[in-house]
Every structure is written in structure tokens, then in C-alpha cells.
$ cat run37.txt   # compact mmCIF, C-alpha atoms and all ligand atoms
# COMPACT_ATOMS: atom_id res chain seq x y z
CA MET A 1205 2.91 -7.35 -19.35
CA THR A 1206 6.61 -6.40 -19.65
CA GLU A 1207 9.11 -7.87 -17.24
CA GLN A 1208 9.22 -4.62 -15.30
CA GLU A 1209 5.43 -4.58 -14.91
CA ILE A 1210 5.11 -6.85 -11.91
CA LEU A 1211 1.44 -6.01 -11.36
CA SER A 1212 -1.41 -6.13 -13.83
CA ALA A 1213 -5.14 -5.75 -13.23
CA THR A 1214 -7.56 -6.68 -16.00
CA ASP A 1215 -11.26 -5.85 -16.05
CA VAL A 1216 -11.64 -5.83 -12.29
CA SER A 1217 -15.09 -5.02 -10.88
CA LYS A 1218 -16.41 -4.94 -7.33
CA THR A 1219 -19.98 -4.13 -6.27
CA PHE A 1220 -21.10 -3.71 -2.67
CA GLN A 1221 -24.68 -4.50 -1.76
CA VAL A 1222 -26.00 -1.83 0.57
CA LYS A 1223 -29.53 -1.04 1.78
CA ALA A 1224 -29.94 1.78 -0.71
CA GLY A 1225 -28.98 -0.56 -3.59
CA ASP A 1226 -25.81 -1.71 -5.31
CA VAL A 1227 -22.66 0.42 -5.31
CA THR A 1228 -20.15 -0.45 -8.01
CA ALA A 1229 -17.00 0.77 -6.29
CA VAL A 1230 -14.64 -0.56 -8.98
CA ASP A 1231 -15.97 -0.74 -12.52
CA SER A 1232 -14.03 -2.72 -15.17
CA VAL A 1233 -10.66 -1.40 -14.11
CA SER A 1234 -7.47 -2.36 -15.95
CA PHE A 1235 -3.96 -1.04 -15.29
CA THR A 1236 -0.37 -2.14 -14.85
CA ALA A 1237 2.31 -1.01 -12.41
CA GLY A 1238 6.04 -1.56 -12.58
CA ARG A 1239 9.03 -2.12 -10.36
CA GLY A 1240 11.20 0.91 -9.85
CA GLN A 1241 8.23 3.23 -10.28
CA VAL A 1242 5.78 5.23 -8.23
CA THR A 1243 2.31 4.67 -9.65
CA THR A 1244 -0.32 7.00 -8.24
CA ILE A 1245 -4.10 6.87 -8.36
CA VAL A 1246 -5.84 10.14 -7.50
CA GLY A 1247 -9.56 10.72 -7.27
CA PRO A 1248 -12.32 12.14 -5.10
CA SER A 1249 -13.73 10.59 -1.95
CA GLY A 1250 -15.83 7.53 -2.70
CA SER A 1251 -14.36 7.00 -6.18
CA GLY A 1252 -13.14 3.49 -5.31
CA LYS A 1253 -9.42 4.01 -4.61
CA THR A 1254 -9.22 2.11 -1.34
CA THR A 1255 -11.39 -0.71 -2.66
CA LEU A 1256 -9.07 -1.11 -5.66
CA LEU A 1257 -5.95 -1.04 -3.47
CA TYR A 1258 -7.46 -3.64 -1.12
CA ILE A 1259 -8.31 -5.86 -4.09
CA VAL A 1260 -4.69 -5.70 -5.22
CA GLY A 1261 -3.59 -6.55 -1.67
CA SER A 1262 -6.14 -9.41 -1.50
CA LEU A 1263 -8.00 -7.78 1.39
CA GLU A 1264 -11.12 -7.50 -0.80
CA LYS A 1265 -12.33 -9.90 -3.46
CA PRO A 1266 -13.77 -8.59 -6.75
CA GLU A 1267 -16.58 -10.37 -8.60
CA THR A 1268 -14.75 -10.36 -11.90
CA GLY A 1269 -11.33 -9.77 -13.38
CA ALA A 1270 -7.76 -10.88 -12.94
CA ILE A 1271 -4.92 -9.54 -10.78
CA GLU A 1272 -1.61 -10.88 -11.99
CA VAL A 1273 1.40 -10.48 -9.76
CA ALA A 1274 4.73 -11.82 -10.94
CA GLY A 1275 2.94 -14.03 -13.44
CA SER A 1276 0.19 -15.60 -11.26
CA ASN A 1277 -3.44 -14.57 -10.94
CA ILE A 1278 -4.06 -14.01 -7.23
CA LEU A 1279 -7.82 -14.41 -7.79
CA ASP A 1280 -7.26 -18.02 -8.78
CA PRO A 1281 -8.85 -20.06 -5.94
CA ALA A 1282 -5.66 -22.13 -5.69
CA THR A 1283 -3.59 -19.09 -4.64
CA ASP A 1284 -2.29 -19.15 -1.08
CA LEU A 1285 -3.27 -15.60 -0.10
CA VAL A 1286 -1.43 -15.58 3.22
CA ARG A 1287 1.76 -16.45 1.38
CA TYR A 1288 0.96 -13.93 -1.36
CA ARG A 1289 0.56 -11.07 1.10
CA ARG A 1290 3.64 -12.05 3.06
CA LYS A 1291 5.90 -12.46 0.05
CA HIS A 1292 4.69 -9.74 -2.28
CA VAL A 1293 2.93 -6.88 -0.49
CA GLY A 1294 3.59 -4.36 2.23
CA PHE A 1295 0.80 -2.00 3.34
CA VAL A 1296 1.05 1.63 4.43
CA PHE A 1297 -2.16 3.23 5.75
CA GLN A 1298 -3.39 6.76 6.48
CA PHE A 1299 -3.73 6.10 10.22
CA PHE A 1300 -0.51 4.05 10.38
CA ASN A 1301 -2.23 1.03 12.01
CA LEU A 1302 0.71 0.23 14.26
CA ILE A 1303 0.00 -2.06 17.20
CA PRO A 1304 -0.34 0.32 20.18
CA THR A 1305 1.04 -2.07 22.80
CA LEU A 1306 4.22 -2.82 20.84
CA THR A 1307 7.32 -0.63 20.53
CA ALA A 1308 8.54 0.70 17.18
CA LEU A 1309 11.08 -2.10 16.98
CA GLU A 1310 8.53 -4.78 17.92
CA ASN A 1311 6.03 -3.47 15.35
CA VAL A 1312 8.63 -3.98 12.62
CA MET A 1313 9.68 -7.39 13.99
CA LEU A 1314 6.11 -8.72 14.07
CA PRO A 1315 5.65 -9.56 10.35
CA MET A 1316 9.02 -11.33 10.41
CA ASP A 1317 7.97 -13.27 13.50
CA LEU A 1318 4.82 -14.38 11.65
CA ALA A 1319 7.04 -15.45 8.75
CA GLY A 1320 9.17 -17.63 11.05
CA VAL A 1321 12.35 -15.50 11.04
CA SER A 1322 14.64 -16.09 14.06
CA PRO A 1323 14.42 -13.50 16.89
CA GLU A 1324 18.04 -12.42 16.37
CA GLU A 1325 17.49 -11.83 12.65
CA GLN A 1326 14.17 -10.03 13.36
CA ASN A 1327 15.95 -7.68 15.71
CA ARG A 1328 18.87 -7.05 13.37
CA ARG A 1329 16.74 -6.43 10.30
CA ALA A 1330 14.11 -4.32 12.11
CA SER A 1331 16.85 -2.06 13.53
CA GLU A 1332 18.40 -1.72 10.09
CA LEU A 1333 15.07 -0.91 8.40
CA LEU A 1334 14.18 1.64 11.08
CA ASP A 1335 17.63 3.20 10.82
CA GLY A 1336 17.03 3.58 7.08
CA MET A 1337 13.83 5.47 7.93
CA GLY A 1338 15.66 7.75 10.36
CA VAL A 1339 14.15 6.06 13.42
CA SER A 1340 16.80 5.17 16.01
CA GLY A 1341 17.90 5.62 19.62
CA ARG A 1342 15.08 6.09 22.15
CA LEU A 1343 12.46 5.84 19.40
CA LEU A 1344 13.19 2.13 18.92
CA LYS A 1345 11.63 1.46 22.32
CA ALA A 1346 8.83 4.03 21.97
CA ARG A 1347 5.20 3.00 21.60
CA PRO A 1348 3.13 4.62 18.82
CA ASN A 1349 1.37 7.10 21.16
CA LYS A 1350 4.79 8.47 22.20
CA MET A 1351 5.80 9.20 18.60
CA SER A 1352 4.77 11.93 16.14
CA GLY A 1353 2.62 11.20 13.09
CA GLY A 1354 5.64 11.32 10.81
CA GLU A 1355 7.55 8.95 13.10
CA ASN A 1356 4.57 6.57 13.19
CA GLN A 1357 4.42 6.58 9.40
CA ARG A 1358 8.16 5.95 9.05
CA VAL A 1359 7.84 2.98 11.44
CA ALA A 1360 4.85 1.78 9.39
CA ILE A 1361 6.91 1.95 6.19
CA ALA A 1362 9.72 -0.02 7.86
CA ARG A 1363 7.11 -2.59 8.90
CA ALA A 1364 5.80 -2.76 5.32
CA LEU A 1365 9.35 -3.62 4.23
CA ALA A 1366 9.91 -6.28 6.90
CA ASN A 1367 9.56 -9.30 4.64
CA ASP A 1368 11.08 -7.53 1.63
CA PRO A 1369 7.95 -7.42 -0.56
CA ASP A 1370 8.20 -6.27 -4.15
CA ILE A 1371 5.00 -4.19 -3.97
CA ILE A 1372 4.23 -1.39 -1.48
CA LEU A 1373 0.54 -0.44 -1.35
CA ALA A 1374 -0.03 2.95 0.25
CA ASP A 1375 -3.53 4.30 1.04
CA GLU A 1376 -3.45 8.08 1.68
CA PRO A 1377 0.00 7.81 3.30
CA THR A 1378 0.16 11.58 3.85
CA GLY A 1379 -3.50 12.01 4.82
CA ASN A 1380 -2.80 12.48 8.50
CA LEU A 1381 0.45 14.47 8.23
CA ASP A 1382 1.32 18.15 7.79
CA THR A 1383 2.62 19.18 4.36
CA ALA A 1384 6.34 19.06 5.18
CA THR A 1385 6.14 15.69 6.96
CA GLY A 1386 3.96 14.35 4.15
CA ARG A 1387 6.62 15.39 1.67
CA THR A 1388 9.26 13.43 3.63
CA VAL A 1389 7.07 10.33 3.51
CA ILE A 1390 6.58 10.73 -0.25
CA ASP A 1391 10.35 11.14 -0.66
CA ILE A 1392 10.87 7.88 1.23
CA LEU A 1393 8.33 6.02 -0.93
CA SER A 1394 9.90 7.47 -4.05
CA ARG A 1395 13.35 6.36 -2.88
CA LEU A 1396 12.02 2.83 -2.30
CA ALA A 1397 10.83 2.74 -5.90
CA HIS A 1398 13.83 4.36 -7.53
CA GLU A 1399 16.68 3.04 -5.38
CA SER A 1400 15.32 -0.27 -4.07
CA ASP A 1401 13.35 -1.20 -7.20
CA LYS A 1402 10.03 -1.58 -5.38
CA CYS A 1403 6.70 -1.23 -7.14
CA VAL A 1404 5.02 1.58 -5.17
CA LEU A 1405 1.27 1.90 -5.75
CA MET A 1406 -0.25 4.85 -3.92
CA VAL A 1407 -3.84 6.10 -3.78
CA THR A 1408 -4.52 9.62 -2.57
CA HIS A 1409 -6.61 12.79 -2.74
CA ASP A 1410 -3.39 14.78 -2.78
CA GLU A 1411 -2.78 15.87 -6.36
CA SER A 1412 0.61 17.38 -5.46
CA VAL A 1413 1.91 13.81 -5.39
CA LEU A 1414 1.46 13.68 -9.16
CA ASP A 1415 4.74 15.63 -9.53
CA VAL A 1416 6.78 12.78 -8.09
CA SER A 1417 4.85 9.97 -9.79
CA ASP A 1418 6.22 8.02 -12.74
CA ARG A 1419 2.73 7.01 -13.80
CA ALA A 1420 -0.61 8.38 -12.74
CA PHE A 1421 -4.26 7.45 -13.02
CA ARG A 1422 -7.44 9.23 -12.12
CA MET A 1423 -10.33 7.32 -10.58
CA VAL A 1424 -13.87 8.68 -10.90
CA ASP A 1425 -17.00 6.72 -9.99
CA GLY A 1426 -15.15 3.41 -10.13
CA HIS A 1427 -13.56 4.08 -13.51
CA LEU A 1428 -9.81 4.45 -13.97
CA ASN A 1429 -8.01 6.43 -16.67
CA GLU A 1430 -4.31 7.09 -17.14
CA ILE A 1431 -3.45 10.78 -16.80
CA ARG A 1432 -0.13 10.81 -18.60
CA ALA A 1433 2.23 8.26 -20.10
N1 LIG A 1501 -17.45 -2.45 2.84
C1 LIG A 1501 -18.26 -1.65 2.10
N2 LIG A 1501 -19.59 -1.84 2.07
C2 LIG A 1501 -20.40 -1.10 1.32
N3 LIG A 1501 -19.96 -0.09 0.53
C3 LIG A 1501 -18.65 0.16 0.52
C4 LIG A 1501 -17.72 -0.60 1.30
N4 LIG A 1501 -16.47 -0.12 1.07
C5 LIG A 1501 -16.61 0.89 0.20
N5 LIG A 1501 -17.91 1.07 -0.15
C6 LIG A 1501 -18.43 2.07 -1.09
O1 LIG A 1501 -17.69 1.95 -2.30
C7 LIG A 1501 -17.38 3.24 -2.83
C8 LIG A 1501 -15.88 3.40 -2.95
O2 LIG A 1501 -15.32 3.47 -1.65
P1 LIG A 1501 -13.75 3.61 -1.39
O3 LIG A 1501 -13.53 3.53 0.07
O4 LIG A 1501 -13.04 2.61 -2.24
O5 LIG A 1501 -13.47 5.08 -1.95
P2 LIG A 1501 -12.18 5.98 -1.83
O6 LIG A 1501 -11.90 6.52 -3.18
O7 LIG A 1501 -11.09 5.26 -1.14
O8 LIG A 1501 -12.69 7.17 -0.90
P3 LIG A 1501 -11.85 8.09 0.16
O9 LIG A 1501 -11.05 9.03 -0.70
O10 LIG A 1501 -12.92 8.80 0.92
O11 LIG A 1501 -11.01 7.20 1.00
C9 LIG A 1501 -18.07 4.24 -1.93
O12 LIG A 1501 -19.32 4.56 -2.48
C10 LIG A 1501 -18.23 3.48 -0.62
O13 LIG A 1501 -19.35 3.96 0.09
MG MG A 1502 -10.05 5.56 0.63
$ encode --input "run37.txt" --output "C-alpha cells" --more "lines below"
Ligand SMILES: Nc1ncnc2c1ncn2[C@@H]1O[C@H](COP(=O)(O)OP(=O)(O)OP(=O)(O)O)[C@@H](O)[C@H]1O
Ligand SMILES: [Mg+2]
Amino acid sequence: MTEQEILSATDVSKTFQVKAGDVTAVDSVSFTAGRGQVTTIVGPSGSGKTTLLYIVGSLEKPETGAIEVAGSNILDPATDLVRYRRKHVGFVFQFFNLIPTLTALENVMLPMDLAGVSPEEQNRRASELLDGMGVSGRLLKARPNKMSGGENQRVAIARALANDPDIILADEPTGNLDTATGRTVIDILSRLAHESDKCVLMVTHDESVLDVSDRAFRMVDGHLNEIRA
């Protein structure tokens, strides 16, 4: 793994036991992803993209393999996964997953609150992050159901950045947005990689995202192959 490649997966497999039999969602997958880059995984429904992303984010546990982030294997039983997620990863989801009873500002403050940041600093940093996403004024006090899909997603990206993680994991971030709004969200993610040196790992059906990706992989039936260097 080069210094730039903050994330490396080696021989990762995950099988779900379902009534109809075993489903190997992720089958001996290996890849690396770097800081300052958008790495995209495309593939059809059911190919294992979300499962792989959740494994990287430690929301799912594979049976075999290693996931090295900044030099440590997160699958090592000694790893403090709460600390890992807080320090290294921010999640962006298709359906935004904002907390409906909290305002935009409060949604972004929450991960900092959980990390023990002072209320003043939470407020300052959340406002700054939201401003960077073009969310300001009345929107700061708006709840998710009073904001558009694009606004929800921009708040969700600000939330993902709250504790300044080095990796942003995005699962179909444009899946619930119209084409133009989706493009804005992709531009934001691309800016985070190229200007803020984040490692952006995105999984999607949307092959148009390949144009703005630095590296790309295709997932089919749990197998992953690089599309171009
Ligand atoms: N919790 C689970 N229990 C059982 N099977 C699961 C579970 N999660 C995923 N699977 C199965 O694993 C396979 C991969 O699912 P996954 O959600 O990772 O695919 P995906 O590529 O993200 O699909 P989509 O594009 O529709 O989001 C599918 O066959 C799915 O049915
Ligand atoms: Mg999925």
C-alpha cells in the first residue's frame, strides 16, 4: 500500500445465510483506495456494493479478509470500532438518513456532540461546514422534511464531515435526486477528494459517475474488477 492509499481490502468475503441457501454477497474482493481520489464501484442491483461499503465502514463483518485503514486492520478483534468510525469514516446514504426531529444545524452537530466537542465549537463548525455546502440562512433551522432532496443530501455530506474523517463512504448518493441535483452532489464529493484530500469511496448504479472518478471498479456477483487504471 502506498502512502496515498489509505484504504486497502484484501481477500474479503461475506456470505449471508438465507432460507433459500447461502448468498455470497462479497467474494474474495481486494482493492485499494487513495486520499485525494474519487474511487467508484459500479454494478447491478444485488452485486454486493452496499455490503462491501458497509464492511469497509465496519457496519458489517466479513468472514474472511483484511481491511487496512491507515496501517491497522479494522477486522482485528482489538480494534475499537466506535473510535474507528468516528475518526476515519463519514457516511452518505441514498435516503440521506438525517434525524427527522433535528434541524439541519443540529444534524451536523450531533456526531461532534457524540465525540465530546464543546457546544460552542459544534455550532461554529457545523455552520461552517453547512456554509461550505451552500446551506445557510433559514435552512440552518429547517428540519429534513422542510428541505429538498438536494438540500438534505448536502446537509448529510456536512454531517459526514463533522469529525473530519479521512474516508467518505457514499452509497448511491445520487439515487434519490434528479440528474442536475445529483451532478451537484457528485461535484461536491469530487471537490472533497481533490481539494480537501479526502478518500471518497462511492458505490452506485449510475455509470455516468465514471467520468468524474479517478479509479473505478465493476462489481458483478460479489466479484470486483478494476475498470481502468
Ligand atoms: N442482511 C442480509 N441478509 C441476507 N442477504 C443479504 C443481506 N444484505 C444483502 N444480502 C444479499 O447480498 C447480495 C448483495 O446485496 P447488496 O445490498 O450488497 O447489493 P447492492 O449491489 O448494494 O444492490 P443495490 O444496487 O440494489 O443496492 C444480494 O443478493 C442481497 O440479497
Ligand atoms: Mg446497495
$ residues_near_ligand --input "run37.txt" --ligand "ligand LIG 1501 (chain A)" --cutoff "9 Å" --atoms "all atoms listed in the file" --output "NGL selection string"
:A and (1218-1222 or 1226-1230 or 1246-1258 or 1264 or 1375-1376 or 1407-1409 or 1423-1426)
$ write_last_selection --input "run37.txt" --atoms "C-alpha atoms" --output "compact mmCIF listing (two decimals), in the frame of the given file"
# COMPACT_ATOMS: atom_id res chain seq x y z
CA LYS A 1218 -16.41 -4.94 -7.33
CA THR A 1219 -19.98 -4.13 -6.27
CA PHE A 1220 -21.10 -3.71 -2.67
CA GLN A 1221 -24.68 -4.50 -1.76
CA VAL A 1222 -26.00 -1.83 0.57
CA ASP A 1226 -25.81 -1.71 -5.31
CA VAL A 1227 -22.66 0.42 -5.31
CA THR A 1228 -20.15 -0.45 -8.01
CA ALA A 1229 -17.00 0.77 -6.29
CA VAL A 1230 -14.64 -0.56 -8.98
CA VAL A 1246 -5.84 10.14 -7.50
CA GLY A 1247 -9.56 10.72 -7.27
CA PRO A 1248 -12.32 12.14 -5.10
CA SER A 1249 -13.73 10.59 -1.95
CA GLY A 1250 -15.83 7.53 -2.70
CA SER A 1251 -14.36 7.00 -6.18
CA GLY A 1252 -13.14 3.49 -5.31
CA LYS A 1253 -9.42 4.01 -4.61
CA THR A 1254 -9.22 2.11 -1.34
CA THR A 1255 -11.39 -0.71 -2.66
CA LEU A 1256 -9.07 -1.11 -5.66
CA LEU A 1257 -5.95 -1.04 -3.47
CA TYR A 1258 -7.46 -3.64 -1.12
CA GLU A 1264 -11.12 -7.50 -0.80
CA ASP A 1375 -3.53 4.30 1.04
CA GLU A 1376 -3.45 8.08 1.68
CA VAL A 1407 -3.84 6.10 -3.78
CA THR A 1408 -4.52 9.62 -2.57
CA HIS A 1409 -6.61 12.79 -2.74
CA MET A 1423 -10.33 7.32 -10.58
CA VAL A 1424 -13.87 8.68 -10.90
CA ASP A 1425 -17.00 6.72 -9.99
CA GLY A 1426 -15.15 3.41 -10.13
$ residues_around --input "run37.txt" --residues "A:Asn1380" --least-positions-apart "4" --cutoff "9 Å" --atoms "only C-alpha atoms" --output "PDB file with C-alpha atoms, keeping the file's coordinate frame"
ATOM      1  CA  GLN A1298      -3.390   6.760   6.480  1.00  0.00           C
ATOM      2  CA  PHE A1299      -3.730   6.100  10.220  1.00  0.00           C
ATOM      3  CA  PHE A1300      -0.510   4.050  10.380  1.00  0.00           C
ATOM      4  CA  GLY A1353       2.620  11.200  13.090  1.00  0.00           C
ATOM      5  CA  GLY A1354       5.640  11.320  10.810  1.00  0.00           C
ATOM      6  CA  GLU A1376      -3.450   8.080   1.680  1.00  0.00           C
ATOM      7  CA  GLY A1386       3.960  14.350   4.150  1.00  0.00           C
TER       8      GLY A1386
END
$ atom_distance --input "run37.txt" --atom1 "atom CA of A:Val1216" --atom2 "atom CA of A:Leu1285"
17.7 Å
$ closest_residue --input "run37.txt" --among "A:His1398, A:Arg1287, A:His1427, A:Arg1387" --to "A:Asp1415" --atoms "only C-alpha atoms"
A:Arg1387
$ closest_residue --input "run37.txt" --among "A:Val1321, A:Ile1271, A:Val1359, A:Ala1374" --to "A:Cys1403" --atoms "all atoms listed in the file"
A:Ala1374
$ closest_residue --input "run37.txt" --among "A:Gly1275, A:Pro1369, A:Gly1294, A:Gly1261" --to "A:Ser1400" --atoms "all atoms listed in the file"
A:Pro1369
$ atom_distance --input "run37.txt" --atom1 "atom CA of A:Ser1212" --atom2 "atom CA of A:Ile1371"
11.9 Å
$ axis_aligned_box --input "run37.txt" --around "stretch 1293-1303 of chain A" --padding-each-side "4 Å" --output "AutoDock Vina command-line options"
--center_x -0.1 --center_y -0.1 --center_z 8.4 --size_x 15.3 --size_y 21.6 --size_z 25.7
$ atom_distance --input "run37.txt" --atom1 "atom CA of A:Arg1329" --atom2 "atom CA of A:Asp1382"
29.1 Å
$ residues_around --input "run37.txt" --residues "A:Glu1355" --least-positions-apart "3" --cutoff "10 Å" --atoms "only C-alpha atoms" --output "PDB file with C-alpha atoms, in the frame of the given file"
ATOM      1  CA  PHE A1300      -0.510   4.050  10.380  1.00  0.00           C
ATOM      2  CA  ALA A1308       8.540   0.700  17.180  1.00  0.00           C
ATOM      3  CA  MET A1337      13.830   5.470   7.930  1.00  0.00           C
ATOM      4  CA  GLY A1338      15.660   7.750  10.360  1.00  0.00           C
ATOM      5  CA  VAL A1339      14.150   6.060  13.420  1.00  0.00           C
ATOM      6  CA  LEU A1343      12.460   5.840  19.400  1.00  0.00           C
ATOM      7  CA  PRO A1348       3.130   4.620  18.820  1.00  0.00           C
ATOM      8  CA  LYS A1350       4.790   8.470  22.200  1.00  0.00           C
ATOM      9  CA  MET A1351       5.800   9.200  18.600  1.00  0.00           C
ATOM     10  CA  SER A1352       4.770  11.930  16.140  1.00  0.00           C
ATOM     11  CA  ARG A1358       8.160   5.950   9.050  1.00  0.00           C
ATOM     12  CA  VAL A1359       7.840   2.980  11.440  1.00  0.00           C
ATOM     13  CA  ALA A1360       4.850   1.780   9.390  1.00  0.00           C
ATOM     14  CA  ILE A1361       6.910   1.950   6.190  1.00  0.00           C
ATOM     15  CA  THR A1385       6.140  15.690   6.960  1.00  0.00           C
ATOM     16  CA  VAL A1389       7.070  10.330   3.510  1.00  0.00           C
TER      17      VAL A1389
END
$ closest_residue --input "run37.txt" --among "A:Asp1401, A:Ser1232, A:Pro1377, A:Asp1215" --to "ligand MG 1502 (chain A)" --atoms "only C-alpha atoms and all ligand atoms"
A:Pro1377
$ closest_residue --input "run37.txt" --among "A:Asp1231, A:Gly1379, A:Ile1390, A:Ala1319" --to "ligand MG 1502 (chain A)" --atoms "all atoms listed in the file"
A:Gly1379
$ closest_residue --input "run37.txt" --among "A:Met1406, A:Leu1414, A:Leu1393, A:Leu1381" --to "ligand MG 1502 (chain A)" --atoms "all atoms listed in the file"
A:Met1406
$ residues_around --input "run37.txt" --residues "A:Gly1336" --least-positions-apart "3" --cutoff "10 Å" --atoms "all atoms listed in the file" --output "PyMOL selection string"
chain A and resi 1330-1333+1339-1340+1358+1362+1392
$ decode --input "run37.txt" --residues "stretch 1319-1369 of chain A" --atoms "C-alpha atoms" --output "CSV table (one decimal), in the first residue's frame"
chain,number,residue,atom,x,y,z
A,1319,ALA,CA,-17.4,12.9,20.1
A,1320,GLY,CA,-17.4,15.2,23.1
A,1321,VAL,CA,-16.8,18.5,21.3
A,1322,SER,CA,-18.0,21.6,23.2
A,1323,PRO,CA,-21.4,23.1,22.2
A,1324,GLU,CA,-19.8,26.4,21.0
A,1325,GLU,CA,-17.4,24.6,18.8
A,1326,GLN,CA,-20.1,22.2,17.5
A,1327,ASN,CA,-22.2,25.2,16.5
A,1328,ARG,CA,-19.3,27.1,14.9
A,1329,ARG,CA,-18.0,24.1,12.9
A,1330,ALA,CA,-21.5,22.9,11.8
A,1331,SER,CA,-22.3,26.4,10.5
A,1332,GLU,CA,-19.0,26.5,8.6
A,1333,LEU,CA,-19.5,23.0,7.1
A,1334,LEU,CA,-23.0,23.8,6.1
A,1335,ASP,CA,-22.0,27.1,4.6
A,1336,GLY,CA,-19.4,25.2,2.5
A,1337,MET,CA,-22.2,23.0,1.2
A,1338,GLY,CA,-24.3,26.1,0.3
A,1339,VAL,CA,-26.7,25.6,3.2
A,1340,SER,CA,-27.3,28.8,5.2
A,1341,GLY,CA,-29.9,31.3,6.5
A,1342,ARG,CA,-33.3,29.8,7.2
A,1343,LEU,CA,-32.2,26.3,6.1
A,1344,LEU,CA,-30.0,26.0,9.2
A,1345,LYS,CA,-33.1,25.8,11.4
A,1346,ALA,CA,-35.1,23.7,8.9
A,1347,ARG,CA,-36.0,20.1,9.6
A,1348,PRO,CA,-35.3,17.5,6.9
A,1349,ASN,CA,-39.0,17.3,5.7
A,1350,LYS,CA,-38.9,21.1,5.0
A,1351,MET,CA,-35.8,20.7,2.7
A,1352,SER,CA,-35.4,19.4,-0.8
A,1353,GLY,CA,-33.6,16.2,-1.6
A,1354,GLY,CA,-30.5,18.0,-2.7
A,1355,GLU,CA,-30.6,20.1,0.4
A,1356,ASN,CA,-31.0,17.0,2.6
A,1357,GLN,CA,-28.0,15.4,0.8
A,1358,ARG,CA,-25.8,18.5,1.2
A,1359,VAL,CA,-26.7,18.5,5.0
A,1360,ALA,CA,-25.9,14.8,5.1
A,1361,ILE,CA,-22.5,15.4,3.5
A,1362,ALA,CA,-21.8,18.2,6.0
A,1363,ARG,CA,-22.7,15.7,8.8
A,1364,ALA,CA,-20.3,13.1,7.3
A,1365,LEU,CA,-17.5,15.7,7.6
A,1366,ALA,CA,-18.4,16.7,11.1
A,1367,ASN,CA,-15.5,14.9,12.8
A,1368,ASP,CA,-13.1,15.4,9.9
A,1369,PRO,CA,-12.8,11.8,8.7
